[in-house]
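J.: The structure's right below; bear with me while I get my questions together.
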Amino acid sequence: MLGTSEAGNVAEVEKKVLIREGATVLSRRVVDRLHACEGLEVVEFDTGSADVIVDLRVGDHDGLARRRSSATVEGEALMDEVRRVGAQRVVMLSSSLVYGPHPNSRIPLTEDEVVRPEASFVFARQLAAVEHVLDRWRRGSPERSVAVLRPTVTMGLGASSSLARALAAGSGRRLGDEEPSAQFLHIDDLASAVEAVVVSEFDGVVNVAPDGWIPGDRVRALLGRRWSIPVPQWVREQLWALQWRFQRGPIPPGLGPYTSASWVVANDRLKGLGWSPTVTNEQTFVEGTEDPWWASTTPKRRQELALVGVAAAIALAVGGGVVFAFRSFRNATHR
């Protein structure tokens, strides 16, 4: 449908864009960006119709946890919304977690890579399943299109999710082992990537990542870690789980393998749409981990952590006393 301006020029009617947003920093920045785009009309959630749906809820791990929902449930809600408003285009925020952490994966991963999420990580498996549902919907009509964004670990000052913080906390901890490389995307660059995909009407899958990645040993240096004592894998995983538990609350099972293998992604396809990152991996990592976790935990969490520290100190003291007594007894018997 076309309309004519006062100057006699023919212009296309603005496309109606419905944003399924969450109460996040990213949602607010995406909404602001799309409101400022020419040719787009951002409509309210209760609108009767929309041409495009931009979904920021399915891939919002923290939001799902707050709502006690899942990516599967939100994916079903997304498809219900598509049918309700008659949209012919969907832009969904997923995650590069769907590629999975595998030792034989290419570095970097491109969009043509087979999706192989970690089997024990439910969130990644669910995201992959929702992507499949959308792809099947797209193939149902030549008029439909779907764009899926797969961002890497996304961080920002005061805007890092618990998942991102956990992945950052797990980086640089493979004591005595080869450190896997890592990527950290700034939340502002992700917001601009969503805008670029919506405006360009891109159809397909696109990775979102900064240029390059950080070598594992560099991640450890940025964290200020100089540990060199190797420990068994099972001990390391137990230590991670305990720390994550008291840093930000429960961490989904299956996250550990993502800190043990590289799953960095290429951004060439997105840059081909005119997008370019403005913040480097290292800058993002420093900014995203700048807020001390102790200051951001609740008083209850601090008390729990203090109790665990006291218990650990007692256990170490008792263990040390037992070892000392045993050695003293052995030395006495050999005299």
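Quick note on naming: the chains in the structure tokens go A, B, ... in the order shown, residues restart at 1 in each chain, and ligands are numbered from 1 in order of appearance.
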I'd like the contact shell of Arg139 (chain A) - 12 Å cut-off, only C-alpha atoms, skipping same-chain residues fewer than 5 positions apart - returned as a PDB file with N, CA and C atoms, in the first residue's frame.
T.:
```
ATOM      1  N   GLN A  88       4.211 -11.622   9.165  1.00  0.00           N
ATOM      2  CA  GLN A  88       4.853 -12.450   8.142  1.00  0.00           C
ATOM      3  C   GLN A  88       6.371 -12.488   8.306  1.00  0.00           C
ATOM      4  N   ARG A  89       6.853 -11.793   9.327  1.00  0.00           N
ATOM      5  CA  ARG A  89       8.294 -11.766   9.567  1.00  0.00           C
ATOM      6  C   ARG A  89       8.561 -11.800  11.067  1.00  0.00           C
ATOM      7  N   HIS A 132      14.218 -24.258  15.342  1.00  0.00           N
ATOM      8  CA  HIS A 132      13.704 -25.248  14.393  1.00  0.00           C
ATOM      9  C   HIS A 132      12.231 -25.009  14.100  1.00  0.00           C
ATOM     10  N   VAL A 133      11.458 -24.682  15.128  1.00  0.00           N
ATOM     11  CA  VAL A 133      10.033 -24.408  14.939  1.00  0.00           C
ATOM     12  C   VAL A 133       9.837 -23.193  14.026  1.00  0.00           C
ATOM     13  N   LEU A 134      10.620 -22.150  14.250  1.00  0.00           N
ATOM     14  CA  LEU A 134      10.516 -20.954  13.411  1.00  0.00           C
ATOM     15  C   LEU A 134      10.901 -21.244  11.966  1.00  0.00           C
ATOM     16  N   ARG A 144       6.829 -15.527   4.077  1.00  0.00           N
ATOM     17  CA  ARG A 144       7.346 -15.437   5.438  1.00  0.00           C
ATOM     18  C   ARG A 144       8.867 -15.356   5.455  1.00  0.00           C
ATOM     19  N   SER A 145       9.390 -14.699   6.485  1.00  0.00           N
ATOM     20  CA  SER A 145      10.842 -14.645   6.667  1.00  0.00           C
ATOM     21  C   SER A 145      11.154 -14.666   8.164  1.00  0.00           C
ATOM     22  N   VAL A 146      12.299 -15.223   8.481  1.00  0.00           N
ATOM     23  CA  VAL A 146      12.744 -15.329   9.867  1.00  0.00           C
ATOM     24  C   VAL A 146      14.215 -14.967   9.954  1.00  0.00           C
ATOM     25  N   ASP A 203      17.077 -12.276   6.127  1.00  0.00           N
ATOM     26  CA  ASP A 203      16.375 -13.548   6.316  1.00  0.00           C
ATOM     27  C   ASP A 203      17.413 -14.651   6.517  1.00  0.00           C
ATOM     28  N   GLY A 204      17.403 -15.283   7.686  1.00  0.00           N
ATOM     29  CA  GLY A 204      18.368 -16.340   7.945  1.00  0.00           C
ATOM     30  C   GLY A 204      18.968 -16.222   9.334  1.00  0.00           C
TER      31      GLY A 204
END
```
J.: Looking at only C-alpha atoms, which of A:Val198, A:Val208, A:Ala119, A:Val52 is the one that sits closest to Pro257 (chain A)?
T.: A:Ala119
J.: At what distance in Å, to one decimal, does CA of Arg125 (chain A) lie from CA of Val31 (chain A)?
T.: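 So the answer is 27.7 Å.
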J.: Could you name the residues that touch Glu81 (chain A) at 10 Å or less, counting only C-alpha atoms, but leaving out those on the same chain fewer than 5 positions away, as an MDAnalysis selection string?
T.: chainID A and resid 18 20 45 49:50 53 75:76 86:87
J.: Residues near Pro180 (chain A), anyone? I mean within 7 Å using only C-alpha atoms, not counting same-chain ones fewer than 3 positions away, as a list of chain:residue names.
T.: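 Result of the neighbour search: A:Pro215, A:Gly216, A:Ser260, A:Ala261, A:Ser262.
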J.: Include C-alpha atoms and write out the residues we just selected as a PDB file, in the first residue's frame.
T.:
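As written to disk, result.pdb reads:
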```pdb
ATOM      1  CA  PRO A 215      43.101 -16.088  24.178  1.00  0.00           C
ATOM      2  CA  GLY A 216      42.414 -18.036  27.357  1.00  0.00           C
ATOM      3  CA  SER A 260      36.227 -25.907  28.777  1.00  0.00           C
ATOM      4  CA  ALA A 261      36.174 -25.574  24.971  1.00  0.00           C
ATOM      5  CA  SER A 262      36.169 -22.680  22.516  1.00  0.00           C
TER       6      SER A 262
END
```
J.: Can you work out which one of A:Gly156, A:Gly256, A:Pro151, A:Gly59 has the shortest atom-to-atom distance to Asp188 (chain A), counting only C-alpha atoms?
T.: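 Ranking A:Gly156, A:Gly256, A:Pro151, A:Gly59 by distance to Asp188 (chain A), first place goes to A:Gly156.
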J.: Applying 10 Å and only C-alpha atoms, which residues near Ser27 (chain A) remain after dropping the ones on its own chain fewer than 3 positions away? List them as a list in words.
T.: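 The filter keeps Ile19, Arg20, Glu21, Gly22, Ala23, Thr24, Val30, Val31, Asp32, Arg33, Asp55, Leu56, Arg57, Asp60 and Ala191 of chain A.
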J.: Using only C-alpha atoms, which protein or nucleic acid residues come within 8 Å of Glu74 (chain A)? Drop anything in the same chain fewer than 4 positions from it, and give the result as a short mmCIF file (atom, residue, chain, number, x, y, z; two decimals) with C-alpha atoms, in the first residue's frame.
T.:
```
data_model
loop_
_atom_site.label_atom_id
_atom_site.label_comp_id
_atom_site.auth_asym_id
_atom_site.auth_seq_id
_atom_site.Cartn_x
_atom_site.Cartn_y
_atom_site.Cartn_z
CA ARG A 57 12.04 -12.92 25.44
CA VAL A 58 12.87 -16.44 24.26
CA SER A 69 9.22 -20.00 32.49
CA SER A 70 11.35 -21.63 29.80
CA LEU A 78 5.79 -16.31 20.29
#
```
J.: Name the residues of region 61-298 of chain A that come out as alpha helix (DSSP H) in a backbone DSSP run; write them as a count of residues only.
T.: 101
J.: In terms of the shortest atom-to-atom distance over only C-alpha atoms, which of A:Leu127, A:Lys271, A:Met79, A:Glu290 is closest to Gly100 (chain A)?
T.: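 Counting only C-alpha atoms, the residue closest to Gly100 (chain A) is A:Leu127.
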J.: Considering only C-alpha atoms, state which residue in the set A:Glu179, A:Asn207, A:Pro142, A:Gly288 is at the smallest distance from Ala221 (chain A).
T.: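 Among A:Glu179, A:Asn207, A:Pro142, A:Gly288, it is A:Glu179 that comes nearest to Ala221 (chain A).
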J.: What does the distance from CA of Val219 (chain A) to CA of Thr280 (chain A) come to in Å, to one decimal?
T.: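 Going from CA of Val219 (chain A) over to CA of Thr280 (chain A), I get 13.2 Å.
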